[in-house]
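Text of the file run-v4.txt, holding compact mmCIF, C-alpha atoms:
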```
# COMPACT_ATOMS: atom_id res chain seq x y z
CA MET A 1 29.95 -47.79 38.57
CA SER A 2 31.68 -44.41 38.73
CA LYS A 3 29.69 -41.49 40.09
CA ILE A 4 28.60 -38.47 38.07
CA ARG A 5 30.86 -35.64 39.19
CA VAL A 6 29.13 -32.28 39.62
CA PHE A 7 30.63 -28.83 40.11
CA LEU A 8 28.45 -26.01 41.50
CA ALA A 9 28.93 -22.41 40.36
CA ASP A 10 26.67 -19.94 42.18
CA ASP A 11 27.51 -16.77 44.08
CA HIS A 12 25.10 -17.67 46.91
CA GLU A 13 26.74 -20.03 49.37
CA LEU A 14 23.37 -21.12 50.72
CA VAL A 15 22.28 -22.22 47.23
CA ARG A 16 25.48 -24.23 46.79
CA TYR A 17 24.96 -25.84 50.19
CA ALA A 18 21.34 -26.77 49.45
CA LEU A 19 22.22 -28.19 46.03
CA SER A 20 25.08 -30.21 47.48
CA LYS A 21 22.69 -31.80 49.99
CA VAL A 22 20.26 -32.75 47.23
CA ILE A 23 23.02 -34.15 45.02
CA GLU A 24 24.96 -36.02 47.70
CA ALA A 25 21.78 -37.83 48.76
CA GLU A 26 21.96 -39.73 45.44
CA SER A 27 24.26 -42.75 45.37
CA ASP A 28 25.37 -42.14 41.77
CA LEU A 29 26.12 -38.41 42.12
CA GLU A 30 28.83 -36.45 43.92
CA VAL A 31 29.80 -32.80 44.29
CA VAL A 32 33.48 -32.25 43.49
CA GLY A 33 33.65 -28.52 44.19
CA GLY A 34 32.01 -25.15 44.11
CA ALA A 35 32.74 -21.55 43.13
CA GLY A 36 31.17 -18.18 43.86
CA ASN A 37 32.34 -16.37 40.73
CA GLY A 38 33.04 -17.02 37.07
CA GLU A 39 36.82 -16.94 37.21
CA GLU A 40 36.94 -19.55 39.98
CA ALA A 41 34.50 -21.76 38.11
CA ILE A 42 36.57 -21.72 34.90
CA ARG A 43 39.83 -22.50 36.72
CA ALA A 44 38.31 -25.25 38.85
CA CYS A 45 36.54 -26.95 35.94
CA ALA A 46 39.77 -26.95 33.94
CA ALA A 47 41.51 -28.72 36.82
CA LEU A 48 38.74 -31.07 37.98
CA ILE A 49 36.99 -31.81 34.67
CA PRO A 50 33.58 -32.54 36.21
CA ASP A 51 30.92 -34.36 34.24
CA VAL A 52 28.40 -31.59 34.88
CA LEU A 53 28.81 -27.90 35.68
CA MET A 54 25.69 -26.52 37.37
CA LEU A 55 25.90 -22.85 36.47
CA ASP A 56 24.14 -19.72 37.67
CA LEU A 57 24.08 -17.07 34.94
CA ARG A 58 24.60 -13.99 37.07
CA MET A 59 27.73 -14.09 39.22
CA PRO A 60 30.45 -11.56 40.06
CA GLY A 61 33.16 -11.16 37.44
CA ILE A 62 32.78 -13.24 34.28
CA GLY A 63 29.12 -13.85 33.43
CA GLY A 64 27.56 -17.27 33.06
CA ILE A 65 27.41 -17.24 29.26
CA GLU A 66 31.15 -16.62 28.98
CA VAL A 67 31.86 -19.18 31.71
CA CYS A 68 29.89 -21.76 29.73
CA ARG A 69 31.73 -20.92 26.51
CA GLN A 70 35.18 -21.14 28.10
CA VAL A 71 34.46 -24.33 30.03
CA ARG A 72 33.16 -26.03 26.89
CA GLU A 73 36.13 -24.81 24.85
CA ASN A 74 38.59 -26.01 27.50
CA ASN A 75 37.05 -29.47 27.76
CA ASP A 76 33.96 -30.73 25.98
CA LYS A 77 33.68 -33.60 28.48
CA THR A 78 32.07 -31.16 30.93
CA ASN A 79 28.41 -30.61 30.08
CA VAL A 80 26.70 -27.48 31.37
CA LEU A 81 23.36 -27.34 33.17
CA VAL A 82 22.14 -23.81 33.87
CA LEU A 83 20.21 -23.26 37.11
CA THR A 84 19.11 -19.66 37.37
CA SER A 85 16.35 -17.33 38.55
CA PHE A 86 16.24 -15.53 35.20
CA ASP A 87 14.59 -16.53 31.93
CA GLU A 88 15.27 -13.60 29.60
CA ASP A 89 15.65 -14.58 25.95
CA GLU A 90 19.09 -12.98 25.62
CA GLU A 91 20.52 -15.14 28.40
CA LEU A 92 18.58 -18.26 27.42
CA PHE A 93 19.65 -18.29 23.78
CA GLY A 94 23.09 -16.90 24.60
CA VAL A 95 24.03 -19.74 26.91
CA LEU A 96 22.54 -22.35 24.56
CA ALA A 97 24.70 -20.96 21.77
CA ALA A 98 27.67 -21.20 24.15
CA GLY A 99 27.07 -24.94 24.49
CA ALA A 100 24.79 -25.51 27.50
CA CYS A 101 22.80 -28.76 27.47
CA GLY A 102 20.11 -27.73 29.92
CA TYR A 103 18.32 -24.74 31.41
CA LEU A 104 16.33 -24.89 34.65
CA LEU A 105 14.86 -22.23 36.90
CA LYS A 106 15.63 -22.19 40.61
CA ASP A 107 12.07 -23.06 41.61
CA THR A 108 12.59 -26.49 40.02
CA LYS A 109 11.80 -29.42 42.33
CA PRO A 110 14.82 -31.36 43.69
CA GLU A 111 13.86 -34.58 41.93
CA ARG A 112 13.74 -32.74 38.60
CA ILE A 113 17.20 -31.31 39.25
CA VAL A 114 18.56 -34.79 39.95
CA TYR A 115 16.96 -36.09 36.74
CA ALA A 116 18.44 -33.18 34.78
CA ILE A 117 21.94 -33.80 36.11
CA ARG A 118 21.84 -37.41 34.97
CA ALA A 119 20.40 -36.46 31.58
CA VAL A 120 22.91 -33.67 30.94
CA ALA A 121 25.79 -35.92 32.00
CA ALA A 122 24.66 -38.26 29.22
CA GLY A 123 24.62 -35.39 26.71
CA GLN A 124 20.84 -35.04 26.62
CA ALA A 125 18.95 -31.75 26.45
CA VAL A 126 16.76 -30.76 29.41
CA PHE A 127 14.76 -27.53 29.65
CA ASP A 128 12.36 -26.01 32.12
CA SER A 129 8.83 -26.00 30.75
CA ALA A 130 8.71 -22.24 31.35
CA VAL A 131 11.39 -21.66 28.68
CA ALA A 132 10.94 -24.67 26.38
CA GLY A 133 8.01 -23.04 24.63
CA ARG A 134 10.11 -20.05 23.61
CA ILE A 135 12.75 -22.31 22.08
CA ILE A 136 10.02 -23.87 19.96
CA THR A 137 8.92 -20.54 18.48
CA GLY A 138 11.56 -20.35 15.72
CA ARG A 139 9.94 -22.29 12.89
CA SER A 140 11.26 -20.61 9.76
CA GLN A 141 13.53 -23.50 8.77
CA GLY A 142 10.96 -26.21 9.57
CA PRO A 143 9.79 -27.28 6.09
CA ASP A 144 13.30 -27.34 4.60
CA ILE A 145 14.72 -29.37 7.46
CA GLU A 146 11.78 -31.77 7.51
CA ASP A 147 12.01 -32.37 3.77
CA SER A 148 15.69 -33.26 4.11
CA LEU A 149 15.05 -36.02 6.65
CA SER A 150 13.67 -39.44 5.85
CA GLU A 151 10.65 -40.81 7.71
CA ARG A 152 12.89 -43.12 9.75
CA GLU A 153 15.31 -40.29 10.55
CA MET A 154 12.34 -38.26 11.84
CA ASP A 155 11.38 -41.21 14.05
CA VAL A 156 14.92 -41.35 15.45
CA LEU A 157 14.99 -37.58 15.95
CA GLN A 158 11.73 -37.68 17.92
CA LEU A 159 13.21 -40.28 20.27
CA MET A 160 16.49 -38.35 20.56
CA ALA A 161 14.41 -35.41 21.80
CA LYS A 162 13.04 -37.68 24.54
CA GLY A 163 16.60 -38.28 25.73
CA MET A 164 16.81 -41.90 24.61
CA SER A 165 20.18 -43.55 24.01
CA ASN A 166 20.98 -45.32 20.74
CA LYS A 167 20.28 -48.67 22.39
CA GLU A 168 16.89 -47.46 23.69
CA ILE A 169 16.00 -46.02 20.28
CA GLY A 170 16.89 -49.33 18.66
CA ARG A 171 14.62 -51.24 21.03
CA GLU A 172 11.78 -48.76 20.48
CA LEU A 173 12.01 -48.92 16.67
CA TRP A 174 13.03 -52.58 16.40
CA ILE A 175 16.27 -51.79 14.60
CA GLY A 176 19.90 -52.50 15.42
CA GLU A 177 22.06 -50.08 17.39
CA THR A 178 24.47 -49.78 14.43
CA THR A 179 21.55 -48.72 12.23
CA VAL A 180 20.55 -46.14 14.82
CA LYS A 181 24.08 -44.74 14.84
CA THR A 182 23.91 -44.39 11.05
CA HIS A 183 20.61 -42.52 11.28
CA VAL A 184 21.99 -40.23 14.00
CA SER A 185 25.05 -39.45 11.88
CA ASN A 186 22.80 -38.62 8.92
CA ILE A 187 20.65 -36.37 11.11
CA LEU A 188 23.69 -34.48 12.40
CA ARG A 189 24.97 -34.02 8.85
CA LYS A 190 21.65 -32.87 7.43
CA LEU A 191 21.01 -30.45 10.31
CA ASN A 192 24.64 -29.26 10.14
CA GLN A 193 25.21 -29.94 13.83
CA SER A 194 28.18 -31.46 15.64
CA ASP A 195 26.38 -33.32 18.45
CA ARG A 196 23.02 -34.75 19.47
CA THR A 197 22.09 -31.93 21.82
CA GLN A 198 22.57 -29.22 19.20
CA ALA A 199 20.71 -31.33 16.62
CA VAL A 200 17.73 -31.65 18.95
CA LEU A 201 17.83 -27.91 19.66
CA ALA A 202 17.87 -27.15 15.94
CA ALA A 203 14.88 -29.45 15.42
CA VAL A 204 13.02 -27.90 18.36
CA LYS A 205 13.65 -24.38 17.07
CA ALA A 206 12.34 -25.51 13.67
CA GLY A 207 9.19 -26.82 15.32
CA LEU A 208 9.81 -30.44 14.31
CA VAL A 209 9.96 -31.97 17.78
CA ARG A 210 9.08 -31.13 21.35
CA LEU A 211 11.46 -31.62 24.23
CA SER A 212 10.62 -34.14 26.92
CA ARG A 213 9.68 -32.19 30.06
```

Can you give me the file's structure in the form of structure tokens?
Amino acid sequence: MSKIRVFLADDHELVRYALSKVIEAESDLEVVGGAGNGEEAIRACAALIPDVLMLDLRMPGIGGIEVCRQVRENNDKTNVLVLTSFDEDEELFGVLAAGACGYLLKDTKPERIVYAIRAVAAGQAVFDSAVAGRIITGRSQGPDIEDSLSEREMDVLQLMAKGMSNKEIGRELWIGETTVKTHVSNILRKLNQSDRTQAVLAAVKAGLVRLSR
């Protein structure tokens, strides 16, 4: 099995060193590089195409939100996991809009970071409990969205929010994986989203589901 390739972007060398030790202790993860500023991170990710970019939001030069946007535009195979000391709404919602899959604070326990890397590599959404509640506050579209989804699609959406794969959802609901794929496609269409992560975020903002923490 190939390892999940992680790139570290943080302007503190000590943070990069500590993260690399945590990550390299896992047999299925590896660190493929690191950068201390936004420009280096963008160039390196374009060349290395890591599975996960662990990104600090405040670095010299290009800020984290713009780094996330450019990395995702250059190659959507690299998923972005934010690891930062800051939880201001402007940065939180800005980097989510730029395409980040996850948002953790730097006081997160190492085992949670490892879990988040694996989840984000699989395209799942992972958020620190300290910020997840604020994502849930936008409920204005809730009734319209909920009315547009069938009962089964709501079941699938709830399990998507828990980070389950199509196969796992099928086992949970006793339906075939092809049927799950059809439901997921319908959910993306009805929520006007291009991928699972953004669909879950839209549902969370509408107050329909809660993220697994």

For this session: Would you kindly return, as a list in words, each protein, DNA or RNA residue with an atom no farther than 7 Å from any atom of A:Glu30, considering all atoms listed in the file and excluding same-chain residues fewer than 5 positions away?
Result: Lys3, Ile4, Arg5, Val6, Ile23 and Glu24 of chain A

For this session: Work out how far atom CA of A:Asp128 is from atom CA of A:Met59, in Å to one decimal.
Result: 20.7 Å

Exercise. Could you pull the residues within 12 Å of A:Arg16, counting all atoms listed in the file, minus those fewer than 4 positions along the same chain, as a list in words?
Worked result: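 Counting only the stated atoms, we get Val6, Phe7, Leu8, Ala9, Asp10, Asp11, His12, Ser20, Lys21, Val22, Ile23, Glu24, Val31, Val32, Gly33, Gly34, Ala35, Gly36, Met54, Leu55, Asp56, Leu83 and Lys106 of chain A.
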
Using all atoms listed in the file, which residues sit within 12 Å of A:Glu153 once same-chain residues fewer than 6 positions away are excluded, as an mmCIF file with C-alpha atoms, in the frame of the given file?
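Written output follows (result32.cif):
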```
data_model
loop_
_atom_site.group_PDB
_atom_site.id
_atom_site.type_symbol
_atom_site.label_atom_id
_atom_site.label_comp_id
_atom_site.auth_asym_id
_atom_site.auth_seq_id
_atom_site.Cartn_x
_atom_site.Cartn_y
_atom_site.Cartn_z
ATOM 1 C CA ILE A 145 14.720 -29.370 7.460
ATOM 2 C CA GLU A 146 11.780 -31.770 7.510
ATOM 3 C CA ASP A 147 12.010 -32.370 3.770
ATOM 4 C CA LEU A 159 13.210 -40.280 20.270
ATOM 5 C CA MET A 160 16.490 -38.350 20.560
ATOM 6 C CA ILE A 169 16.000 -46.020 20.280
ATOM 7 C CA LEU A 173 12.010 -48.920 16.670
ATOM 8 C CA THR A 179 21.550 -48.720 12.230
ATOM 9 C CA VAL A 180 20.550 -46.140 14.820
ATOM 10 C CA LYS A 181 24.080 -44.740 14.840
ATOM 11 C CA THR A 182 23.910 -44.390 11.050
ATOM 12 C CA HIS A 183 20.610 -42.520 11.280
ATOM 13 C CA VAL A 184 21.990 -40.230 14.000
ATOM 14 C CA SER A 185 25.050 -39.450 11.880
ATOM 15 C CA ASN A 186 22.800 -38.620 8.920
ATOM 16 C CA ILE A 187 20.650 -36.370 11.110
ATOM 17 C CA LEU A 188 23.690 -34.480 12.400
ATOM 18 C CA ARG A 189 24.970 -34.020 8.850
ATOM 19 C CA LYS A 190 21.650 -32.870 7.430
ATOM 20 C CA LEU A 191 21.010 -30.450 10.310
ATOM 21 C CA ALA A 203 14.880 -29.450 15.420
ATOM 22 C CA LEU A 208 9.810 -30.440 14.310
#
```

For this session: Might you pull out every residue within 6 Å of stretch 118-125 of chain A, with all atoms listed in the file counted and same-chain residues fewer than 6 positions away left off, and present them as a list of chain:residue names?
Result: A:Asp51, A:Val52, A:Cys101, A:Gly102, A:Gly163, A:Thr197

Problem set entry | Coordinates-based distance that separates atom CA of A:Val71 from atom CA of A:Ile49 (Å, one decimal) |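 The value is 9.2 Å.
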